[in-house]
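> Sending over query.cif (mmCIF, C-alpha atoms).
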data_upload
#
loop_
_atom_site.label_atom_id
_atom_site.label_comp_id
_atom_site.auth_asym_id
_atom_site.auth_seq_id
_atom_site.Cartn_x
_atom_site.Cartn_y
_atom_site.Cartn_z
CA MET G 1 -95.78 -226.76 119.07
CA ILE G 2 -92.62 -224.75 119.74
CA LYS G 3 -92.68 -223.36 123.28
CA ASN G 4 -89.90 -220.80 122.79
CA GLY G 5 -91.31 -217.30 122.65
CA ASN G 6 -88.70 -215.92 120.25
CA ALA G 7 -89.40 -218.70 117.78
CA ILE G 8 -93.15 -217.93 117.99
CA ALA G 9 -92.44 -214.28 117.34
CA THR G 10 -90.30 -215.20 114.32
CA LEU G 11 -93.09 -217.30 112.87
CA ARG G 12 -95.54 -214.44 113.34
CA LEU G 13 -93.09 -211.94 111.87
CA PHE G 14 -92.70 -213.85 108.61
CA ARG G 15 -96.37 -214.84 108.56
CA THR G 16 -95.65 -218.48 108.01
CA ASN G 17 -96.30 -221.69 109.77
CA ARG G 18 -94.02 -224.31 111.10
CA PHE G 19 -94.20 -226.37 107.91
CA SER G 20 -92.92 -223.61 105.65
CA PHE G 21 -90.27 -222.81 108.20
CA LYS G 22 -89.02 -226.36 108.12
CA ARG G 23 -89.03 -226.22 104.28
CA GLU G 24 -86.85 -223.11 104.37
CA LEU G 25 -84.42 -224.78 106.72
CA SER G 26 -84.22 -227.87 104.48
CA ILE G 27 -82.78 -225.90 101.51
CA LYS G 28 -79.20 -226.85 100.80
CA PRO G 29 -76.61 -224.15 101.48
CA GLY G 30 -75.96 -221.90 98.52
CA ILE G 31 -74.64 -218.40 97.90
CA VAL G 32 -75.59 -215.79 100.45
CA THR G 33 -77.42 -212.95 98.67
CA THR G 34 -77.92 -210.54 101.68
CA LYS G 35 -74.28 -209.63 101.96
CA GLY G 36 -73.78 -205.88 102.03
CA LYS G 37 -77.47 -205.05 102.46
CA ASN G 38 -78.70 -202.68 105.16
CA SER G 39 -79.82 -204.73 108.13
CA ARG G 40 -81.17 -201.78 110.19
CA GLY G 41 -84.70 -200.45 110.25
CA ASN G 42 -85.86 -196.89 109.69
CA ASP G 43 -85.70 -196.23 113.40
CA GLY G 44 -82.13 -197.44 113.58
CA SER G 45 -82.97 -200.71 115.25
CA ILE G 46 -81.31 -203.87 114.04
CA LYS G 47 -83.63 -206.02 112.01
CA PHE G 48 -84.23 -209.54 113.16
CA GLU G 49 -83.80 -211.11 109.71
CA LYS G 50 -80.09 -210.39 109.70
CA ASN G 51 -79.69 -213.43 111.90
CA ILE G 52 -81.55 -215.64 109.36
CA PRO G 53 -79.43 -216.55 106.29
CA ILE G 54 -81.29 -216.21 102.96
CA TYR G 55 -80.02 -218.48 100.22
CA GLY G 56 -80.82 -218.24 96.44
CA ARG G 57 -79.85 -220.05 93.17
CA PRO G 58 -77.16 -218.21 91.14
CA LYS G 59 -78.12 -216.89 87.69
CA ALA G 60 -76.56 -218.14 84.49
CA TRP G 61 -74.93 -214.82 83.62
CA GLU G 62 -73.53 -214.65 87.15
CA LEU G 63 -71.88 -218.03 86.68
CA ALA G 64 -70.51 -216.87 83.29
CA LYS G 65 -69.37 -213.59 84.92
CA GLU G 66 -71.24 -211.54 82.34
CA ASP G 67 -73.95 -208.97 82.55
CA LYS G 68 -77.45 -209.99 81.71
CA GLU G 69 -77.72 -208.17 78.36
CA THR G 70 -74.44 -209.50 77.02
CA TRP G 71 -75.29 -213.03 78.04
CA PHE G 72 -78.72 -212.97 76.36
CA LYS G 73 -77.33 -211.53 73.12
CA ARG G 74 -74.72 -214.21 72.95
CA LYS G 75 -77.16 -217.01 73.83
CA TYR G 76 -80.20 -216.10 71.78
CA ALA G 77 -78.96 -213.82 69.00
CA HIS G 78 -79.49 -216.48 66.30
CA VAL G 79 -83.04 -217.07 67.49
CA HIS G 80 -83.85 -213.40 67.19
CA ALA G 81 -82.22 -213.18 63.78
CA ARG G 82 -84.16 -216.19 62.48
CA ARG G 83 -87.38 -214.82 63.85
CA LYS G 84 -86.63 -211.46 62.31
CA MET G 85 -86.20 -213.11 58.90
CA GLU G 86 -89.39 -215.09 59.32
CA ARG G 87 -91.30 -211.96 60.16
CA ALA G 88 -89.85 -210.25 57.11
CA GLU G 89 -90.97 -213.13 54.90
CA GLU G 90 -94.42 -213.09 56.48
CA GLU G 91 -94.71 -209.38 55.70
CA GLY G 92 -94.15 -210.11 52.01
CA GLY G 93 -90.45 -210.26 51.59
CA ASN G 94 -90.15 -206.58 50.79
CA ARG G 95 -87.42 -206.09 53.31
CA ASN G 96 -83.95 -207.15 52.18
CA VAL G 97 -82.96 -209.78 54.75
CA ASP G 98 -79.63 -210.63 53.00
CA PRO G 99 -78.37 -207.34 51.62
CA TYR G 100 -74.85 -208.59 50.80
CA GLY G 101 -75.76 -212.10 49.56
CA LYS G 102 -73.67 -213.80 52.19
CA LYS G 103 -76.32 -216.29 53.11
CA GLU G 104 -77.01 -217.25 49.50
CA ALA G 105 -73.29 -217.67 48.82
CA HIS G 106 -72.93 -219.85 51.87
CA LEU G 107 -75.85 -222.04 50.83
CA GLU G 108 -74.40 -222.36 47.34
CA ARG G 109 -71.10 -223.54 48.77
CA LEU G 110 -72.92 -226.14 50.83
CA ARG G 111 -74.81 -227.38 47.77
CA ARG G 112 -71.62 -227.70 45.74
CA TYR G 113 -69.90 -229.54 48.57
CA SER G 114 -72.84 -231.92 48.87
CA ASP G 115 -72.80 -232.58 45.11
CA VAL G 116 -69.06 -233.32 45.13
CA LYS G 117 -69.42 -235.73 48.05
CA ARG G 118 -72.35 -237.49 46.39
CA SER G 119 -70.42 -237.85 43.13
CA GLN G 120 -67.41 -239.31 44.96
CA TYR G 121 -69.67 -241.78 46.76
CA GLU G 122 -71.33 -242.95 43.53
CA ASN G 123 -67.97 -243.38 41.77
CA HIS G 124 -66.63 -245.42 44.65
CA ARG G 125 -69.75 -247.57 44.82
CA THR G 126 -69.69 -248.44 41.13
CA LYS G 127 -66.27 -250.03 41.58
CA PHE G 128 -67.66 -252.61 43.99
CA GLN G 129 -71.22 -253.04 42.77
CA LYS G 130 -72.62 -256.55 42.38
CA VAL G 131 -72.71 -257.66 38.76
CA ASN G 132 -73.93 -260.82 37.13
CA PRO G 133 -70.95 -263.23 37.01
CA LEU G 134 -72.18 -264.52 33.64
CA SER G 135 -72.49 -261.08 32.04
CA GLY G 136 -70.97 -261.35 28.59
CA LEU G 137 -71.09 -265.15 28.84
CA GLN G 138 -74.56 -265.97 27.63
CA ILE G 139 -74.46 -269.76 27.87
CA ASN G 140 -76.37 -271.35 25.02
CA PRO G 141 -78.16 -274.55 26.12
CA LEU G 142 -77.98 -275.85 22.54
CA MET G 143 -74.19 -275.67 22.53
CA GLU G 144 -71.42 -277.62 24.22
CA TYR G 145 -68.42 -276.12 25.97
CA ILE G 146 -65.50 -278.49 25.57
CA TYR G 147 -62.32 -277.74 27.48
CA GLY G 148 -58.74 -278.86 27.76
CA THR G 149 -55.96 -278.03 25.31
CA ASN G 150 -55.67 -281.52 23.85
CA CYS G 151 -59.44 -282.01 23.55
CA VAL G 152 -60.00 -278.66 21.83
CA LEU G 153 -57.05 -279.25 19.51
CA ILE G 154 -58.28 -282.71 18.43
CA ALA G 155 -61.86 -281.48 18.00
CA LEU G 156 -60.70 -278.74 15.63
CA LYS G 157 -58.44 -281.13 13.73
CA GLN G 158 -61.05 -283.86 13.26
CA ASN G 159 -63.75 -281.33 12.31
CA LYS G 160 -66.55 -283.85 12.91
CA ARG G 161 -68.88 -281.34 14.53
CA GLU G 162 -71.26 -279.20 12.53
CA TYR G 163 -69.65 -275.89 13.45
CA PHE G 164 -67.47 -274.14 16.04
CA ASN G 165 -68.45 -270.77 17.42
CA ARG G 166 -66.10 -269.13 19.95
CA LEU G 167 -62.99 -269.99 21.90
CA TRP G 168 -62.33 -268.42 25.30
CA TYR G 169 -58.80 -268.49 26.67
CA HIS G 170 -56.68 -267.04 29.46
CA GLY G 171 -53.00 -266.34 29.13
CA ARG G 172 -50.89 -267.43 26.18
CA LEU G 173 -52.59 -269.52 23.49
CA ASN G 174 -51.03 -272.38 21.54
CA ASP G 175 -49.81 -271.29 18.08
CA GLU G 176 -51.28 -274.39 16.43
CA LEU G 177 -54.60 -273.68 18.14
CA ILE G 178 -54.60 -270.10 16.85
CA GLN G 179 -53.98 -271.34 13.29
CA LEU G 180 -56.81 -273.90 13.50
CA CYS G 181 -59.20 -271.25 14.84
CA LYS G 182 -58.42 -269.03 11.85
CA GLU G 183 -59.04 -271.92 9.47
CA ARG G 184 -62.35 -272.84 11.15
CA ASP G 185 -63.41 -269.16 11.48
CA VAL G 186 -63.58 -269.38 15.29
CA GLU G 187 -63.75 -266.15 17.27
CA LEU G 188 -61.00 -265.79 19.90
CA ILE G 189 -62.00 -264.12 23.18
CA GLU G 190 -59.55 -263.49 25.99
CA THR G 191 -61.11 -263.63 29.44
CA ASP G 192 -60.32 -264.38 33.08
CA LYS G 193 -60.12 -267.71 34.85
CA HIS G 194 -63.28 -267.17 36.84
CA ARG G 195 -65.41 -267.01 33.71
CA LEU G 196 -63.76 -270.16 32.37
CA ASN G 197 -64.55 -271.89 35.66
CA LEU G 198 -68.20 -270.92 35.31
CA LEU G 199 -68.39 -272.22 31.74
CA THR G 200 -66.86 -275.59 32.69
CA ASN G 201 -68.43 -275.98 36.13
CA TYR G 202 -64.97 -275.67 37.75
CA ALA G 203 -63.42 -278.50 35.74
CA VAL G 204 -59.74 -278.70 34.72
CA HIS G 205 -59.95 -276.57 31.58
CA ASN G 206 -56.26 -275.66 31.02
CA ASN G 207 -57.36 -272.06 30.34
CA VAL G 208 -59.11 -273.04 27.07
CA VAL G 209 -62.87 -273.44 26.44
CA LEU G 210 -64.45 -273.99 23.00
CA GLU G 211 -68.12 -273.34 22.26
CA THR G 212 -69.30 -275.82 19.64
CA LYS G 213 -72.22 -277.88 18.42
CA PRO G 214 -72.69 -281.24 20.21
CA LEU G 215 -71.26 -284.29 18.50
CA ASP G 216 -73.81 -285.90 16.22
CA ILE G 217 -74.01 -289.69 16.70
CA MET G 218 -75.42 -291.84 13.97
CA GLU G 219 -78.18 -294.26 14.96
CA ILE G 220 -77.90 -297.67 13.31
CA SER G 221 -80.22 -300.63 13.11
CA HIS G 222 -77.72 -303.49 12.87
CA LEU G 223 -74.40 -304.62 11.36
CA THR G 224 -74.12 -306.46 8.07
CA MET G 225 -71.51 -308.57 6.31
CA CYS G 226 -67.84 -307.72 6.36
CA ASP G 227 -65.22 -308.27 3.66
CA PRO G 228 -61.76 -309.03 5.10
CA THR G 229 -60.14 -308.86 1.67
CA ILE G 230 -60.69 -305.12 1.48
CA GLY G 231 -61.10 -304.48 5.20
CA GLU G 232 -64.68 -303.18 5.18
CA PHE G 233 -67.89 -303.97 7.06
CA GLY G 234 -71.40 -302.72 6.53
CA PHE G 235 -74.16 -301.34 8.72
CA LYS G 236 -77.62 -299.85 8.23
CA GLU G 237 -78.44 -296.32 9.33
CA VAL G 238 -81.88 -295.50 10.70
CA GLY G 239 -83.56 -292.50 9.04
CA PHE G 240 -86.35 -290.21 10.22
CA ASP G 241 -88.77 -292.89 9.19
CA ARG G 242 -87.92 -295.85 11.39
CA ASN G 243 -88.41 -298.22 8.50
CA ASP G 244 -86.12 -296.22 6.21
CA LEU G 245 -82.69 -297.88 6.42
CA THR G 246 -79.60 -296.71 4.54
CA ASP G 247 -76.63 -298.96 3.80
CA HIS G 248 -73.14 -297.76 4.75
CA THR G 249 -69.67 -299.28 4.76
CA MET G 250 -66.66 -298.46 6.92
CA LYS G 251 -62.99 -299.38 6.88
CA TYR G 252 -61.51 -301.23 9.82
CA ILE G 253 -58.02 -302.15 10.98
CA CYS G 254 -57.00 -305.38 9.26
CA ASN G 255 -53.45 -306.75 9.59
CA PHE G 256 -53.89 -310.32 8.45
CA THR G 257 -52.62 -311.68 5.08
CA GLU G 258 -53.31 -315.27 3.99
CA GLY G 259 -50.15 -315.52 1.95
CA GLU G 260 -47.17 -313.51 0.91
CA GLY G 261 -48.08 -311.11 -1.88
CA ASP G 262 -51.81 -311.98 -1.81
CA ARG G 263 -52.82 -308.41 -0.96
CA GLU G 264 -51.53 -305.29 0.60
CA GLU G 265 -52.48 -304.25 4.08
CA VAL G 266 -55.63 -302.19 3.86
CA SER G 267 -55.45 -299.90 6.85
CA ILE G 268 -53.14 -298.63 9.52
CA LYS G 269 -50.42 -300.96 10.80
CA THR G 270 -50.52 -301.81 14.48
CA ARG G 271 -48.63 -304.15 16.70
CA ASN G 272 -51.43 -306.75 16.22
CA ARG G 273 -50.82 -309.32 13.47
CA THR G 274 -53.80 -311.63 14.09
CA LYS G 275 -56.77 -309.38 13.27
CA LYS G 276 -58.67 -310.43 10.17
CA TYR G 277 -62.24 -309.42 11.06
CA PRO G 278 -63.54 -306.23 12.63
CA PHE G 279 -63.79 -305.85 16.37
CA GLY G 280 -66.47 -303.63 17.97
CA LEU G 281 -67.44 -302.71 21.52
CA PHE G 282 -71.03 -302.62 22.78
CA LEU G 283 -71.71 -300.63 25.97
CA ASP G 284 -74.95 -301.29 27.86
CA GLU G 285 -76.01 -298.98 30.71
CA VAL G 286 -72.55 -297.53 31.42
CA VAL G 287 -73.80 -294.44 33.24
CA ASP G 288 -70.63 -292.93 34.73
CA PRO G 289 -69.15 -290.37 32.29
CA HIS G 290 -65.64 -290.91 33.66
CA ASN G 291 -65.90 -294.67 33.06
CA MET G 292 -67.28 -293.97 29.60
CA GLY G 293 -64.36 -291.70 28.76
CA ALA G 294 -61.80 -294.16 30.12
CA ILE G 295 -63.33 -297.00 28.06
CA ILE G 296 -63.25 -294.93 24.87
CA ARG G 297 -59.63 -293.99 25.50
CA SER G 298 -58.56 -297.59 26.10
CA ALA G 299 -60.54 -298.85 23.09
CA TYR G 300 -58.98 -296.31 20.76
CA PHE G 301 -55.46 -297.00 22.02
CA LEU G 302 -55.75 -300.81 21.82
CA GLY G 303 -57.27 -300.87 18.31
CA VAL G 304 -61.05 -301.30 18.62
CA ASP G 305 -62.70 -300.37 15.32
CA PHE G 306 -65.92 -298.79 16.60
CA ILE G 307 -68.19 -298.47 19.62
CA VAL G 308 -71.97 -298.93 19.87
CA LEU G 309 -73.99 -297.40 22.73
CA THR G 310 -77.54 -297.95 23.90
CA ARG G 311 -79.19 -294.60 23.25
CA LYS G 312 -81.44 -294.46 26.32
CA ASN G 313 -79.31 -296.00 29.05
CA CYS G 314 -75.70 -294.88 28.56
CA ALA G 315 -74.05 -291.69 29.69
CA PRO G 316 -74.22 -288.97 27.02
CA LEU G 317 -71.07 -288.02 25.15
CA SER G 318 -70.59 -284.83 27.14
CA PRO G 319 -67.50 -282.60 27.55
CA VAL G 320 -66.69 -284.61 30.69
CA VAL G 321 -66.47 -287.80 28.60
CA LEU G 322 -64.35 -286.00 26.02
CA LYS G 323 -61.96 -284.72 28.68
CA THR G 324 -61.66 -288.16 30.32
CA SER G 325 -60.99 -289.79 26.94
CA SER G 326 -58.23 -287.21 26.31
CA GLY G 327 -59.86 -286.27 23.00
CA SER G 328 -60.08 -289.80 21.59
CA MET G 329 -63.89 -289.53 21.52
CA GLU G 330 -63.48 -287.25 18.49
CA CYS G 331 -61.43 -289.91 16.66
CA MET G 332 -63.35 -293.09 17.51
CA PRO G 333 -66.36 -294.04 15.32
CA ILE G 334 -69.32 -294.18 17.73
CA PHE G 335 -72.86 -295.32 16.95
CA CYS G 336 -76.03 -295.72 19.00
CA VAL G 337 -78.94 -298.15 18.84
CA ASP G 338 -82.49 -297.73 20.05
CA LYS G 339 -83.41 -301.44 20.09
CA PRO G 340 -80.51 -303.48 21.48
CA LEU G 341 -82.27 -306.85 21.18
CA GLN G 342 -83.04 -306.30 17.52
CA PHE G 343 -79.46 -305.13 16.99
CA PHE G 344 -78.14 -308.38 18.45
CA THR G 345 -80.48 -310.61 16.46
CA ASP G 346 -80.15 -308.90 13.08
CA SER G 347 -76.36 -308.54 13.35
CA GLN G 348 -76.00 -312.25 14.13
CA ARG G 349 -78.33 -313.28 11.32
CA GLU G 350 -77.23 -310.94 8.52
CA GLY G 351 -73.61 -310.25 9.36
CA GLY G 352 -72.45 -313.32 11.23
CA TRP G 353 -71.26 -311.28 14.20
CA ALA G 354 -70.40 -313.07 17.44
CA PHE G 355 -71.34 -311.34 20.70
CA ILE G 356 -69.01 -312.04 23.64
CA THR G 357 -70.47 -310.79 26.91
CA SER G 358 -68.51 -310.12 30.08
CA HIS G 359 -69.98 -311.50 33.27
CA VAL G 360 -68.98 -311.51 36.93
CA SER G 361 -69.52 -314.21 39.53
CA ASP G 362 -70.98 -313.21 42.86
CA ALA G 363 -68.99 -313.13 46.11
CA ASN G 364 -69.50 -316.87 46.63
CA GLY G 365 -68.33 -317.79 43.13
CA LYS G 366 -71.81 -318.54 41.80
CA ILE G 367 -72.74 -317.54 38.25
CA LYS G 368 -76.18 -316.17 37.54
CA ASP G 369 -78.23 -318.24 35.03
CA LEU G 370 -75.49 -320.85 34.89
CA LYS G 371 -77.72 -323.51 33.35
CA TYR G 372 -78.23 -321.31 30.27
CA ILE G 373 -74.64 -320.21 29.73
CA LYS G 374 -72.49 -323.05 31.07
CA ASP G 375 -71.72 -324.34 27.56
CA LYS G 376 -70.78 -320.85 26.31
CA ILE G 377 -68.24 -319.78 28.93
CA LEU G 378 -64.72 -319.08 27.65
CA ASP G 379 -61.50 -318.76 29.58
CA LEU G 380 -59.60 -315.51 29.28
CA HIS G 381 -56.81 -317.10 27.21
CA ASP G 382 -59.39 -318.54 24.77
CA LEU G 383 -60.15 -315.04 23.51
CA SER G 384 -56.80 -314.75 21.74
CA GLY G 385 -57.17 -315.15 17.99
CA LYS G 386 -60.97 -314.92 17.88
CA CYS G 387 -60.76 -312.10 15.36
CA LEU G 388 -59.30 -314.62 12.90
CA ASP G 389 -62.54 -316.61 12.88
CA PHE G 390 -65.43 -314.13 12.81
CA PRO G 391 -66.28 -310.48 13.54
CA ILE G 392 -66.64 -309.85 17.27
CA MET G 393 -68.73 -307.54 19.43
CA LEU G 394 -67.56 -307.38 23.04
CA VAL G 395 -70.51 -306.51 25.31
CA ILE G 396 -69.79 -304.54 28.50
CA GLY G 397 -72.54 -303.95 31.06
CA ASN G 398 -73.37 -301.67 33.95
CA GLU G 399 -70.79 -300.95 36.68
CA GLY G 400 -72.83 -302.73 39.31
CA ALA G 401 -75.47 -304.99 37.72
CA GLY G 402 -73.58 -305.99 34.59
CA VAL G 403 -75.28 -306.79 31.29
CA ARG G 404 -79.05 -307.03 31.31
CA THR G 405 -80.55 -310.52 31.32
CA ASN G 406 -82.34 -310.25 27.96
CA LEU G 407 -79.07 -309.26 26.26
CA ARG G 408 -77.15 -312.03 27.99
CA MET G 409 -79.62 -314.55 26.64
CA ARG G 410 -78.86 -313.36 23.07
CA SER G 411 -75.08 -313.56 23.50
CA ASP G 412 -72.91 -316.25 21.89
CA PHE G 413 -70.10 -316.48 24.46
CA PHE G 414 -69.32 -315.36 28.00
CA VAL G 415 -66.02 -314.49 29.59
CA GLU G 416 -64.86 -313.51 33.05
CA ILE G 417 -61.58 -312.16 34.36
CA PRO G 418 -60.47 -314.59 37.08
CA PHE G 419 -59.70 -313.49 40.60
CA GLY G 420 -55.92 -313.48 41.09
CA ARG G 421 -55.72 -313.92 44.86
CA LYS G 422 -56.62 -316.68 47.22
CA GLN G 423 -59.49 -316.01 49.56
CA GLU G 424 -58.37 -314.21 52.68
CA ILE G 425 -58.89 -315.86 56.07
CA LEU G 426 -61.16 -313.48 57.90
CA GLY G 427 -63.15 -313.70 61.09
CA PRO G 428 -62.85 -315.94 64.12
CA GLY G 429 -62.10 -319.63 63.79
CA ASN G 430 -59.88 -319.18 60.69
CA LYS G 431 -62.87 -319.50 58.39
CA MET G 432 -62.54 -318.61 54.76
CA GLY G 433 -63.99 -315.14 54.25
CA LEU G 434 -65.12 -313.13 51.27
CA PRO G 435 -62.51 -311.27 49.19
CA ILE G 436 -62.00 -307.66 50.14
CA VAL G 437 -61.98 -306.54 46.47
CA ASP G 438 -64.19 -308.80 44.37
CA SER G 439 -64.26 -306.93 41.02
CA LEU G 440 -62.43 -304.51 38.75
CA ASN G 441 -63.42 -301.10 37.56
CA VAL G 442 -65.43 -301.44 34.34
CA SER G 443 -62.93 -299.44 32.29
CA VAL G 444 -60.00 -301.53 33.56
CA ALA G 445 -61.85 -304.79 32.91
CA THR G 446 -62.75 -303.63 29.40
CA ALA G 447 -59.12 -302.82 28.62
CA LEU G 448 -58.00 -306.28 29.79
CA LEU G 449 -60.64 -308.05 27.69
CA ILE G 450 -59.81 -305.99 24.60
CA ASN G 451 -56.13 -306.75 24.98
CA SER G 452 -56.85 -310.47 25.39
CA ILE G 453 -58.88 -310.57 22.18
CA LEU G 454 -56.48 -308.57 20.02
CA ASN G 455 -53.26 -310.31 21.21
#
Any chance you could give the structure as structure tokens?

Amino acid sequence: MIKNGNAIATLRLFRTNRFSFKRELSIKPGIVTTKGKNSRGNDGSIKFEKNIPIYGRPKAWELAKEDKETWFKRKYAHVHARRKMERAEEEGGNRNVDPYGKKEAHLERLRRYSDVKRSQYENHRTKFQKVNPLSGLQINPLMEYIYGTNCVLIALKQNKREYFNRLWYHGRLNDELIQLCKERDVELIETDKHRLNLLTNYAVHNNVVLETKPLDIMEISHLTMCDPTIGEFGFKEVGFDRNDLTDHTMKYICNFTEGEGDREEVSIKTRNRTKKYPFGLFLDEVVDPHNMGAIIRSAYFLGVDFIVLTRKNCAPLSPVVLKTSSGSMECMPIFCVDKPLQFFTDSQREGGWAFITSHVSDANGKIKDLKYIKDKILDLHDLSGKCLDFPIMLVIGNEGAGVRTNLRMRSDFFVEIPFGRKQEILGPGNKMGLPIVDSLNVSVATALLINSILN
């Protein structure tokens, strides 16, 4: 309770209590609004409230230094105009709210601007839209896509495939290739490198890809007799009916004459002068297409007459094989057999063919099934001149496991390429260790064996 009498009189004068008085005193200082007002009463006495400052919040138009009417017109004119238009529409639209058409013209300009911006956006987006990378390149699963300039050129020259469809290229095309495409009625399509990469699975295509039918391989049952006087050997083709066999003959490279003037050389001359009988290559379970292509290339270069594959177990003659063989797959006669054991037996019985199988000793020098083959093993130098005695089939097996056991048991001879280094001394105590490299790549070993037989 305030004891001062003047303070009590002030509280009574303003009819308030001490709590409201404290609230008034707690207001932060502002703008004094009693300046210039009359502080005297009617009787001329000085009013008490002149000694009490009265503070108030300034108005918005006072801060903007405008009168109240001007400030409200500027602040809320659009609200009144919009409401006026809404009222006019509610009344039925009889009143002309846009007498000069300014609003409609403005809205039309906005619509045109929006349409132009939208059109520019769509045009820009179409330049970078996601498209199917194979659009226009409908890959046919029934076709093959061979690649490489040399491979495509040899395929068109040999013309062993049923038909050729289209040739895609990038950049300048070989003149000879253009002429062959015209002769074979092949459509030429210029495209970009990315599409060629997709067609070849990012292989080395030399900017040329040919769409063609896969190479058709003849299935044979077995080989028959050969006639070295005319340089021909026979074989039997398997028809749709497995028991329907058709006889065929084929020329082979023969460079041997028994006497001067006895006969002319029948086929192409090579550097070999000791080849009287045909020489074929049998591949069993060679599954790597790059090894397959390298073997075909070496066989064609060294003078092998033909190649026989096991139909179920060897790598297919794909564009990868063709590219690895540098196109020689199109030139080499290639057959396949469905029953290798029957092929071995019937060829030995009816044609007198000798099967020489390659084998590899294990790391310790032991030979598998030695008791069955020890009397049939030949040294590498013994192979020279074998084509003077009888027709030969050289059997090459899988890269890791070699020739299967049942085929080895039907073979006539066995041969191994000897290891050319002494065993390295490895490990503690100077003990003899295993060789670091104990075998050759199958394509390299095949080339060495072929060269040993034909020279």
> Restricting the calculation to only C-alpha atoms: of G:Met225, G:Ala315, G:Leu309, G:Ile453, which residue gets closest to G:Glu350?
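With only C-alpha atoms as the atom set, the closest residue is G:Met225.
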> Between G:Ile178, G:Ile417, G:Leu317, G:Ala105, which one has atoms that come closest to G:Leu383, using all atoms listed in the file?
G:Ile417
> Under the PyMOL selection byres ((chain G and resi 332-349) around 7), which residues of this model are included? Write them out as number ranges by chain.
G: 217-224, 300, 306-311, 328-331, 350-354, 407, 410
> Can you give me, as an MDAnalysis selection string, the residues this file yields under the PyMOL selection byres ((chain G and resi 390-405) around 9)?
chainID G and resid 226 276:288 291 314 351:360 369 386:389 406:411 441:442 446 449:450
> Save out the residues we just selected, C-alpha atoms, as a compact mmCIF listing (two decimals), in the coordinates of the input.

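To be explicit, this is the file written out as result20.txt:
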# COMPACT_ATOMS: atom_id res chain seq x y z
CA CYS G 226 -67.84 -307.72 6.36
CA LYS G 276 -58.67 -310.43 10.17
CA TYR G 277 -62.24 -309.42 11.06
CA PRO G 278 -63.54 -306.23 12.63
CA PHE G 279 -63.79 -305.85 16.37
CA GLY G 280 -66.47 -303.63 17.97
CA LEU G 281 -67.44 -302.71 21.52
CA PHE G 282 -71.03 -302.62 22.78
CA LEU G 283 -71.71 -300.63 25.97
CA ASP G 284 -74.95 -301.29 27.86
CA GLU G 285 -76.01 -298.98 30.71
CA VAL G 286 -72.55 -297.53 31.42
CA VAL G 287 -73.80 -294.44 33.24
CA ASP G 288 -70.63 -292.93 34.73
CA ASN G 291 -65.90 -294.67 33.06
CA CYS G 314 -75.70 -294.88 28.56
CA GLY G 351 -73.61 -310.25 9.36
CA GLY G 352 -72.45 -313.32 11.23
CA TRP G 353 -71.26 -311.28 14.20
CA ALA G 354 -70.40 -313.07 17.44
CA PHE G 355 -71.34 -311.34 20.70
CA ILE G 356 -69.01 -312.04 23.64
CA THR G 357 -70.47 -310.79 26.91
CA SER G 358 -68.51 -310.12 30.08
CA HIS G 359 -69.98 -311.50 33.27
CA VAL G 360 -68.98 -311.51 36.93
CA ASP G 369 -78.23 -318.24 35.03
CA LYS G 386 -60.97 -314.92 17.88
CA CYS G 387 -60.76 -312.10 15.36
CA LEU G 388 -59.30 -314.62 12.90
CA ASP G 389 -62.54 -316.61 12.88
CA ASN G 406 -82.34 -310.25 27.96
CA LEU G 407 -79.07 -309.26 26.26
CA ARG G 408 -77.15 -312.03 27.99
CA MET G 409 -79.62 -314.55 26.64
CA ARG G 410 -78.86 -313.36 23.07
CA SER G 411 -75.08 -313.56 23.50
CA ASN G 441 -63.42 -301.10 37.56
CA VAL G 442 -65.43 -301.44 34.34
CA THR G 446 -62.75 -303.63 29.40
CA LEU G 449 -60.64 -308.05 27.69
CA ILE G 450 -59.81 -305.99 24.60
> I'd like a table as CSV: residues in stretch 104-165 of chain G with an atom no more than 7 Å from stretch 196-208 of chain G, each row giving the shortest atom pair and its distance in Å to one decimal, only C-alpha atoms counted, sorted by chain and rising residue number.

residue,atom,partner,partner_atom,distance
G:Tyr145,CA,G:Thr200,CA,6.9
G:Tyr147,CA,G:His205,CA,4.9
G:Gly148,CA,G:His205,CA,4.6
G:Thr149,CA,G:Val208,CA,6.2
> What is the atom CA of G:Asp382 to atom CA of G:Leu454 distance in Å?
11.4 Å
> Taking the file as shown, what set of residues would the PyMOL selection byres ((chain G and resi 318) around 9) give back, as a short mmCIF file (atom, residue, chain, number, x, y, z; two decimals) with C-alpha atoms, in the coordinates of the input?

data_model
loop_
_atom_site.label_atom_id
_atom_site.label_comp_id
_atom_site.auth_asym_id
_atom_site.auth_seq_id
_atom_site.Cartn_x
_atom_site.Cartn_y
_atom_site.Cartn_z
CA GLU G 144 -71.42 -277.62 24.22
CA ILE G 146 -65.50 -278.49 25.57
CA PRO G 214 -72.69 -281.24 20.21
CA LEU G 215 -71.26 -284.29 18.50
CA PRO G 289 -69.15 -290.37 32.29
CA ALA G 315 -74.05 -291.69 29.69
CA PRO G 316 -74.22 -288.97 27.02
CA LEU G 317 -71.07 -288.02 25.15
CA PRO G 319 -67.50 -282.60 27.55
CA VAL G 320 -66.69 -284.61 30.69
CA VAL G 321 -66.47 -287.80 28.60
CA LEU G 322 -64.35 -286.00 26.02
CA LYS G 323 -61.96 -284.72 28.68
#
> Which residue is closest to G:Asp375? Choose from G:Asp412, G:Asp305, G:Glu211, G:Asp192 and count only C-alpha atoms.
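Nearest to G:Asp375: G:Asp412.
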> Would you work out the distance separating atom CA of G:Tyr252 from atom CA of G:Phe233, expressed in Å to one decimal?
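Separation between atom CA of G:Tyr252 and atom CA of G:Phe233: 7.5 Å.
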